[in-house]
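Undergrad: So I've got this file, input.csv, and it contains CSV, C-alpha atoms:
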```csv
chain,number,residue,atom,x,y,z
L,1,MET,CA,0.0,0.0,0.0
L,2,LYS,CA,1.4,3.4,-0.9
L,3,THR,CA,-0.2,6.7,-0.1
L,4,THR,CA,0.8,10.1,-1.3
L,5,THR,CA,-0.7,13.5,-1.0
L,6,THR,CA,-0.4,17.0,-2.2
L,7,MET,CA,-0.8,20.4,-0.5
L,8,PRO,CA,-1.1,21.3,2.2
L,9,SER,CA,-1.4,18.4,4.6
L,10,PHE,CA,0.4,15.2,5.1
L,11,SER,CA,-0.6,11.6,5.0
L,12,ALA,CA,0.8,8.2,5.8
L,13,GLY,CA,0.5,4.8,4.5
L,14,SER,CA,1.6,1.6,6.1
L,15,GLY,CA,1.0,-2.1,5.6
L,16,LEU,CA,2.6,-5.4,6.3
L,17,PRO,CA,6.4,-5.3,6.7
L,18,GLN,CA,7.1,-6.5,3.2
L,19,GLU,CA,5.0,-3.7,1.8
L,20,ALA,CA,6.0,0.0,1.3
L,21,ILE,CA,5.4,2.5,4.1
L,22,THR,CA,5.3,6.1,3.1
L,23,LEU,CA,4.9,9.5,4.7
L,24,GLN,CA,4.8,12.6,2.6
L,25,PHE,CA,4.4,16.3,3.2
L,26,SER,CA,4.2,19.2,0.8
L,27,GLY,CA,4.2,22.9,1.5
L,28,LYS,CA,5.6,25.3,4.0
L,29,ALA,CA,5.1,23.6,7.4
L,30,THR,CA,4.6,25.2,10.7
L,31,THR,CA,6.7,24.0,13.7
L,32,MET,CA,3.6,22.3,15.1
L,33,GLN,CA,3.1,20.5,11.8
L,34,ILE,CA,6.7,19.3,11.8
L,35,ASP,CA,6.3,18.0,15.3
L,36,ALA,CA,3.1,16.2,14.3
L,37,LEU,CA,4.8,14.7,11.3
L,38,LEU,CA,7.8,13.5,13.3
L,39,ASP,CA,5.4,11.9,15.9
L,40,LEU,CA,3.6,10.2,13.1
L,41,LEU,CA,6.8,9.0,11.6
L,42,GLU,CA,8.0,7.5,14.9
L,43,LYS,CA,4.7,5.8,15.4
L,44,MET,CA,4.9,4.3,11.9
L,45,LEU,CA,8.4,3.0,12.6
L,46,VAL,CA,7.4,1.5,15.9
L,47,ASN,CA,4.4,-0.2,14.3
L,48,GLU,CA,6.6,-1.6,11.6
L,49,GLY,CA,8.8,-3.2,14.3
L,50,ILE,CA,11.9,-1.3,13.2
L,51,ASN,CA,14.7,-1.6,15.7
L,52,ASN,CA,15.6,1.2,18.1
L,53,SER,CA,18.9,2.1,16.5
L,54,LEU,CA,17.6,2.4,12.9
L,55,ARG,CA,14.4,4.0,14.1
L,56,ARG,CA,16.4,6.8,15.8
L,57,ARG,CA,18.6,7.3,12.8
L,58,ILE,CA,15.6,7.7,10.5
L,59,TYR,CA,14.0,10.0,13.0
L,60,SER,CA,17.1,12.2,13.5
L,61,ILE,CA,17.7,12.5,9.7
L,62,SER,CA,14.1,13.4,9.1
L,63,MET,CA,14.2,15.9,11.9
L,64,GLU,CA,17.3,17.6,10.5
L,65,ALA,CA,15.8,17.6,7.0
L,66,LEU,CA,12.5,19.1,8.1
L,67,GLN,CA,14.1,21.7,10.3
L,68,ASN,CA,16.4,22.6,7.4
L,69,LEU,CA,13.5,22.9,5.0
L,70,ASN,CA,11.2,24.9,7.2
L,71,ASN,CA,13.1,26.8,9.8
L,72,HIS,CA,16.4,27.6,8.2
L,73,ALA,CA,15.1,28.7,4.8
L,74,PRO,CA,16.4,32.1,3.8
L,75,ASP,CA,14.0,35.0,4.4
L,76,GLN,CA,13.9,35.7,0.6
L,77,VAL,CA,12.3,32.3,0.1
L,78,LEU,CA,9.8,32.9,2.9
L,79,ASP,CA,9.0,36.3,1.4
L,80,ALA,CA,8.6,34.8,-2.0
L,81,ILE,CA,6.1,32.2,-0.6
L,82,ASN,CA,4.2,34.9,1.1
L,83,GLU,CA,4.1,37.0,-2.0
L,84,LYS,CA,3.1,33.9,-4.0
L,85,THR,CA,5.9,34.3,-6.5
L,86,ILE,CA,7.0,30.7,-5.8
L,87,ASP,CA,4.8,27.8,-5.1
L,88,PRO,CA,5.2,26.2,-1.6
L,89,ALA,CA,3.7,23.0,-3.0
L,90,TYR,CA,7.2,22.1,-4.4
L,91,ILE,CA,8.7,22.1,-0.9
L,92,LYS,CA,8.5,18.5,0.0
L,93,PHE,CA,9.4,15.8,2.5
L,94,LEU,CA,9.1,12.2,1.7
L,95,PHE,CA,9.9,9.1,3.7
L,96,GLU,CA,9.4,5.7,2.2
L,97,GLY,CA,10.5,2.2,3.3
L,98,CYS,CA,10.2,-1.3,2.0
L,99,ASP,CA,11.9,-4.6,2.9
L,100,GLY,CA,14.5,-3.0,5.2
L,101,LYS,CA,15.4,-0.2,2.8
L,102,PHE,CA,14.4,3.4,3.5
L,103,ARG,CA,14.7,6.6,1.7
L,104,ILE,CA,14.2,10.2,2.9
L,105,GLU,CA,13.8,12.9,0.3
L,106,THR,CA,13.3,16.6,0.5
L,107,SER,CA,12.8,19.3,-2.1
L,108,ASN,CA,13.4,23.0,-1.4
L,109,TYR,CA,14.2,26.3,-3.0
L,110,ILE,CA,17.7,27.6,-2.9
L,111,LEU,CA,18.6,31.1,-3.8
L,112,LEU,CA,20.4,31.2,-7.2
L,113,ASN,CA,23.3,33.0,-5.6
L,114,ASN,CA,23.7,30.2,-3.1
L,115,ILE,CA,23.3,27.2,-5.4
L,116,ASP,CA,27.0,26.8,-6.4
L,117,PRO,CA,28.3,26.9,-2.8
L,118,PHE,CA,25.5,24.5,-1.8
L,119,ILE,CA,26.4,22.0,-4.5
L,120,GLN,CA,30.1,22.3,-3.7
L,121,LYS,CA,29.4,21.6,-0.1
L,122,LEU,CA,27.3,18.5,-1.0
L,123,ASP,CA,30.0,17.3,-3.4
L,124,TYR,CA,32.6,17.8,-0.7
L,125,ILE,CA,30.7,15.9,1.9
L,126,ASN,CA,30.0,13.1,-0.6
L,127,SER,CA,33.7,12.8,-1.4
L,128,LEU,CA,34.5,12.1,2.3
L,129,ASP,CA,34.8,8.7,3.9
L,130,GLU,CA,33.3,8.2,7.4
L,131,LEU,CA,36.3,9.3,9.3
L,132,ALA,CA,36.7,12.4,7.2
L,133,LYS,CA,33.0,13.2,7.6
L,134,LYS,CA,33.5,13.1,11.4
L,135,GLU,CA,36.6,15.4,11.1
L,136,TYR,CA,34.6,17.8,9.0
L,137,TYR,CA,31.7,17.7,11.5
L,138,ASN,CA,34.3,18.4,14.3
L,139,TYR,CA,35.7,21.4,12.4
L,140,LEU,CA,32.2,22.9,11.8
L,141,ILE,CA,30.9,22.4,15.3
L,142,LYS,CA,34.0,24.1,16.8
L,143,ASN,CA,34.4,26.9,14.3
L,144,LEU,CA,31.1,27.8,12.7
L,145,PRO,CA,29.0,30.4,14.5
L,146,PHE,CA,25.2,29.9,14.9
L,147,SER,CA,23.0,31.3,12.2
L,148,GLU,CA,20.6,34.1,13.1
L,149,LYS,CA,17.9,31.4,13.3
L,150,GLY,CA,19.9,29.2,15.6
L,151,GLY,CA,21.2,26.7,13.0
L,152,ALA,CA,24.5,25.1,13.6
L,153,GLY,CA,25.3,24.5,9.9
L,154,LEU,CA,25.8,20.8,10.6
L,155,GLY,CA,22.6,19.4,9.1
L,156,LEU,CA,24.0,18.1,5.8
L,157,VAL,CA,27.1,16.5,7.3
L,158,ASP,CA,25.1,15.0,10.1
L,159,ILE,CA,22.6,13.5,7.7
L,160,ALA,CA,25.5,12.0,5.7
L,161,ARG,CA,27.1,10.6,8.8
L,162,LYS,CA,23.9,9.1,10.1
L,163,SER,CA,22.8,7.6,6.8
L,164,LYS,CA,26.4,6.4,6.1
L,165,GLN,CA,25.6,7.0,2.5
L,166,PRO,CA,26.2,9.8,0.0
L,167,ILE,CA,23.5,12.5,-0.2
L,168,ASN,CA,22.0,12.3,-3.7
L,169,TYR,CA,20.9,15.6,-5.2
L,170,ARG,CA,19.4,17.0,-8.4
L,171,VAL,CA,18.5,20.5,-9.4
L,172,VAL,CA,15.0,20.0,-10.6
L,173,GLY,CA,14.4,23.5,-12.0
L,174,THR,CA,15.7,27.1,-12.0
L,175,ASN,CA,14.1,30.5,-12.5
L,176,THR,CA,15.5,34.0,-12.3
L,177,TYR,CA,16.0,33.9,-8.5
L,178,TYR,CA,15.7,30.3,-7.3
L,179,SER,CA,16.7,26.7,-8.0
L,180,LEU,CA,14.5,23.9,-6.8
L,181,VAL,CA,16.8,21.2,-5.4
L,182,THR,CA,15.9,17.7,-4.3
L,183,LEU,CA,18.1,15.8,-1.8
L,184,SER,CA,17.7,12.2,-0.8
L,185,VAL,CA,19.5,9.7,1.4
L,186,SER,CA,19.0,5.9,1.7
L,187,LEU,CA,19.4,3.7,4.7
L,188,GLU,CA,19.4,0.0,5.0
L,189,ALA,CA,18.5,-2.0,8.1
L,190,ALA,CA,21.6,-4.2,7.7
L,191,SER,CA,24.0,-1.3,7.7
L,192,VAL,CA,23.0,-0.1,11.1
L,193,SER,CA,22.2,-3.3,13.0
L,194,VAL,CA,25.8,-4.1,14.0
L,195,PRO,CA,26.0,-5.2,17.7
L,196,PHE,CA,28.1,-3.0,19.9
L,197,VAL,CA,29.6,-3.0,23.3
L,198,THR,CA,31.1,-0.4,25.5
L,199,GLY,CA,33.4,-0.2,28.4
N,1,MET,CA,21.8,30.7,41.9
N,2,ASN,CA,22.4,27.3,43.6
N,3,VAL,CA,19.8,25.4,41.7
N,4,LEU,CA,18.7,25.7,38.1
N,5,LYS,CA,15.6,23.7,37.3
N,6,ILE,CA,13.8,23.7,34.0
N,7,GLU,CA,10.9,21.4,33.4
N,8,ALA,CA,10.9,19.2,30.2
N,9,ARG,CA,8.9,20.3,27.2
N,10,PRO,CA,8.3,18.3,24.0
N,11,LYS,CA,11.4,19.7,22.4
N,12,THR,CA,13.6,20.8,25.3
N,13,PRO,CA,15.0,18.6,28.1
N,14,TYR,CA,14.5,18.5,31.8
N,15,VAL,CA,17.3,20.3,33.5
N,16,HIS,CA,18.2,20.1,37.1
N,17,PHE,CA,21.5,21.6,38.2
N,18,ASP,CA,22.3,21.6,41.9
N,19,GLY,CA,25.2,23.8,42.7
N,20,GLU,CA,25.5,22.5,46.3
N,21,SER,CA,25.8,18.8,45.5
N,22,GLY,CA,27.3,19.3,42.1
N,23,ARG,CA,24.8,17.0,40.4
N,24,MET,CA,23.8,18.2,37.0
N,25,VAL,CA,21.0,16.4,35.1
N,26,PHE,CA,19.9,16.7,31.5
N,27,ARG,CA,17.1,14.3,30.5
N,28,GLY,CA,14.8,14.0,27.4
N,29,MET,CA,14.6,15.7,24.0
N,30,SER,CA,16.6,18.6,22.8
N,31,CYS,CA,15.3,19.4,19.4
N,32,ALA,CA,14.3,23.1,19.4
N,33,GLU,CA,14.9,24.8,16.1
N,34,ASN,CA,16.6,27.7,17.9
N,35,SER,CA,18.6,25.8,20.6
N,36,PRO,CA,20.9,28.7,21.6
N,37,GLU,CA,17.9,30.5,22.9
N,38,PHE,CA,17.1,27.7,25.3
N,39,TYR,CA,20.7,27.1,26.4
N,40,ARG,CA,21.5,30.7,27.0
N,41,SER,CA,20.4,30.7,30.7
N,42,ILE,CA,22.1,27.3,31.2
N,43,LEU,CA,25.4,28.5,29.9
N,44,SER,CA,25.2,31.6,32.1
N,45,TRP,CA,24.5,29.4,35.2
N,46,VAL,CA,27.4,27.1,34.4
N,47,GLU,CA,29.7,30.0,33.9
N,48,ASN,CA,28.9,31.2,37.4
N,49,TYR,CA,29.0,27.7,38.9
N,50,ALA,CA,32.5,27.1,37.5
N,51,LEU,CA,33.8,30.0,39.6
N,52,ARG,CA,32.9,28.3,42.8
N,53,PRO,CA,32.1,24.7,42.1
N,54,SER,CA,31.2,21.8,44.4
N,55,PRO,CA,34.2,19.5,45.2
N,56,GLN,CA,32.7,17.0,42.8
N,57,THR,CA,30.7,17.8,39.7
N,58,VAL,CA,28.7,14.9,38.2
N,59,ILE,CA,26.9,15.6,34.9
N,60,GLU,CA,24.2,13.1,33.9
N,61,MET,CA,23.2,13.3,30.3
N,62,GLN,CA,20.2,11.2,29.2
N,63,PHE,CA,18.9,12.2,25.9
N,64,LYS,CA,16.4,10.5,23.6
N,65,TYR,CA,17.2,12.7,20.7
N,66,PHE,CA,19.1,15.9,20.1
N,67,ASN,CA,19.5,17.9,16.9
N,68,THR,CA,22.7,19.5,15.5
N,69,SER,CA,21.8,22.9,16.9
N,70,SER,CA,21.6,21.3,20.4
N,71,ALA,CA,24.8,19.4,19.9
N,72,LYS,CA,26.7,22.6,19.4
N,73,CYS,CA,25.1,24.1,22.5
N,74,LEU,CA,25.9,20.9,24.6
N,75,LEU,CA,29.5,21.3,23.4
N,76,ASP,CA,29.5,24.8,24.8
N,77,VAL,CA,28.0,23.7,28.1
N,78,LEU,CA,30.5,20.9,28.5
N,79,ASN,CA,33.4,23.1,27.7
N,80,ARG,CA,32.3,25.5,30.4
N,81,PHE,CA,31.9,22.6,32.8
N,82,LEU,CA,35.5,21.6,32.1
N,83,ARG,CA,36.6,24.8,33.8
N,84,VAL,CA,35.5,23.4,37.2
N,85,ARG,CA,38.7,21.3,37.2
N,86,ASP,CA,40.8,24.5,37.4
N,87,MET,CA,39.0,25.2,40.7
N,88,GLY,CA,39.7,21.7,42.1
N,89,SER,CA,36.4,20.1,41.4
N,90,LEU,CA,36.4,16.4,40.3
N,91,LEU,CA,34.4,16.2,37.1
N,92,VAL,CA,32.5,13.1,36.0
N,93,VAL,CA,30.3,13.0,32.9
N,94,ASN,CA,27.8,10.1,32.8
N,95,TRP,CA,26.3,9.4,29.4
N,96,PHE,CA,23.1,7.3,29.4
N,97,TYR,CA,21.7,5.4,26.4
N,98,GLU,CA,19.2,2.7,25.8
N,99,ASP,CA,20.6,-0.7,25.3
N,100,ASP,CA,20.2,-0.9,21.5
N,101,ASP,CA,20.6,2.8,20.7
N,102,GLU,CA,23.9,2.7,18.9
N,103,GLN,CA,23.4,6.3,17.6
N,104,MET,CA,23.2,7.8,21.1
N,105,LEU,CA,26.3,5.9,22.3
N,106,GLU,CA,28.1,7.1,19.2
N,107,ALA,CA,26.9,10.7,19.9
N,108,GLY,CA,28.3,10.5,23.5
N,109,GLU,CA,31.6,9.1,22.3
N,110,HIS,CA,31.9,11.8,19.7
N,111,LEU,CA,31.2,14.6,22.1
N,112,SER,CA,33.7,13.1,24.5
N,113,GLU,CA,36.3,13.0,21.8
N,114,ILE,CA,35.6,16.6,20.7
N,115,ILE,CA,36.0,18.0,24.3
N,116,GLY,CA,38.9,15.7,25.0
N,117,TYR,CA,37.4,14.4,28.3
N,118,PRO,CA,36.4,10.8,29.0
N,119,PHE,CA,32.7,10.0,29.7
N,120,GLN,CA,31.3,7.1,31.7
N,121,TYR,CA,28.6,5.2,29.8
N,122,THR,CA,25.6,3.6,31.3
N,123,ILE,CA,23.1,1.4,29.5
N,124,LEU,CA,19.4,1.8,30.2
N,125,GLN,CA,17.0,-1.0,29.5
N,126,ALA,CA,14.7,0.2,26.7
```
Translate this file's structure into structure tokens.
TA:
Amino acid sequence: MKTTTTMPSFSAGSGLPQEAITLQFSGKATTMQIDALLDLLEKMLVNEGINNSLRRRIYSISMEALQNLNNHAPDQVLDAINEKTIDPAYIKFLFEGCDGKFRIETSNYILLNNIDPFIQKLDYINSLDELAKKEYYNYLIKNLPFSEKGGAGLGLVDIARKSKQPINYRVVGTNTYYSLVTLSVSLEAASVSVPFVTG
Amino acid sequence: MNVLKIEARPKTPYVHFDGESGRMVFRGMSCAENSPEFYRSILSWVENYALRPSPQTVIEMQFKYFNTSSAKCLLDVLNRFLRVRDMGSLLVVNWFYEDDDEQMLEAGEHLSEIIGYPFQYTILQA
């Protein structure tokens, strides 16, 4: 069973473990909507019997992705939405899972002036192995100041670290001022179910 | 000044810092979009505490989730707590995680590595 929806609300679909589970949101979300979406996601993952470790990775990645989408968007994008010069329906979050494989995808507007540095940052993160991602995270957390909205600038590298996979991206469209960019990461149950011990 | 107590909310943790006993507790979620706003008063309290700390400072960190904005704030809090050693206080950082929450264990090990101070790890039954 697979359920999708368009603006402005979200919906979820879930079935037997071998079937697809999906959760999709389109539009500019409020903080309360993001919280409700994350609650729903966690309930879906619990219902599907997904283990604690993987469930928390999926939740954390989704939380960073949603907070990046909705709370750290540049003011120009928010203004453009308010002035109806861009369509918020293209801002999207999608989670889907099937047979132990999961995908989290977001689409968002990026200011045209910022698209090259953004892509360069993604390419750089994708070129790093796990150790180098950690070192890059360490560098950023120690040296990058908070943004005006309280962002730490760690979201992308954190998502890459938690998924242990490259962040796939594509520029879906561009107009005079903005590019619409889609990011996606994949997770597999097997890649995070390693037993661990500690001293 | 001796006690800082903040009740838990859906996206911010329970905080109970006792300046007399030196027991400092974080528990719950830390996922606010603007974490620096929440941690401002905590940082200020720790700054003052580090000037005249208890002989022993025990930090208990028990998070379910924290976002990257909170991670940076927690790093700032821990760095301020490290100063208590200069005033002769014995510092212990206890990091709690559920028995199959590999991510939270890794997060603790990573924070410990960044601040260059060992944590003690305690497994909680999920």
Undergrad: Atom CA of Ser26 of chain L to atom CA of Gly151 of chain L: how many Å, to one decimal?
TA: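 Taking atom CA of Ser26 of chain L as the start and atom CA of Gly151 of chain L as the end point, the length is 22.2 Å.
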Undergrad: Please, which residues of chain N lie no more than 8 Å from chain L when the count uses only C-alpha atoms, and can they be set out as an mmCIF file with C-alpha atoms, keeping the file's coordinate frame?
TA:
```cif
data_model
loop_
_atom_site.group_PDB
_atom_site.id
_atom_site.type_symbol
_atom_site.label_atom_id
_atom_site.label_comp_id
_atom_site.auth_asym_id
_atom_site.auth_seq_id
_atom_site.Cartn_x
_atom_site.Cartn_y
_atom_site.Cartn_z
ATOM 1 C CA GLU N 33 14.900 24.800 16.100
ATOM 2 C CA ASN N 34 16.600 27.700 17.900
ATOM 3 C CA SER N 35 18.600 25.800 20.600
ATOM 4 C CA PRO N 36 20.900 28.700 21.600
ATOM 5 C CA GLU N 37 17.900 30.500 22.900
ATOM 6 C CA TYR N 65 17.200 12.700 20.700
ATOM 7 C CA PHE N 66 19.100 15.900 20.100
ATOM 8 C CA ASN N 67 19.500 17.900 16.900
ATOM 9 C CA THR N 68 22.700 19.500 15.500
ATOM 10 C CA SER N 69 21.800 22.900 16.900
ATOM 11 C CA LYS N 72 26.700 22.600 19.400
ATOM 12 C CA ASP N 100 20.200 -0.900 21.500
ATOM 13 C CA ASP N 101 20.600 2.800 20.700
ATOM 14 C CA GLU N 102 23.900 2.700 18.900
ATOM 15 C CA GLN N 103 23.400 6.300 17.600
ATOM 16 C CA ILE N 114 35.600 16.600 20.700
ATOM 17 C CA TYR N 121 28.600 5.200 29.800
#
```
Undergrad: Just want the 6 Å neighbourhood of segment 8-15 of chain N, counted on all atoms listed in the file, with same-chain residues fewer than 6 positions away dropped. Output as a ChimeraX atom specification.
TA: /N:25-32
Undergrad: Atom CA of Asp79 of chain L to atom CA of Ala65 of chain L: how many Å, to one decimal?
TA: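 Separation of atom CA of Asp79 of chain L and atom CA of Ala65 of chain L: 20.7 Å.
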Undergrad: Just give me the gap between atom CA of Val58 of chain N and atom CA of Phe38 of chain N in Å, one decimal is fine.
TA: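 Straight-line distance from atom CA of Val58 of chain N to atom CA of Phe38 of chain N works out to 21.6 Å.
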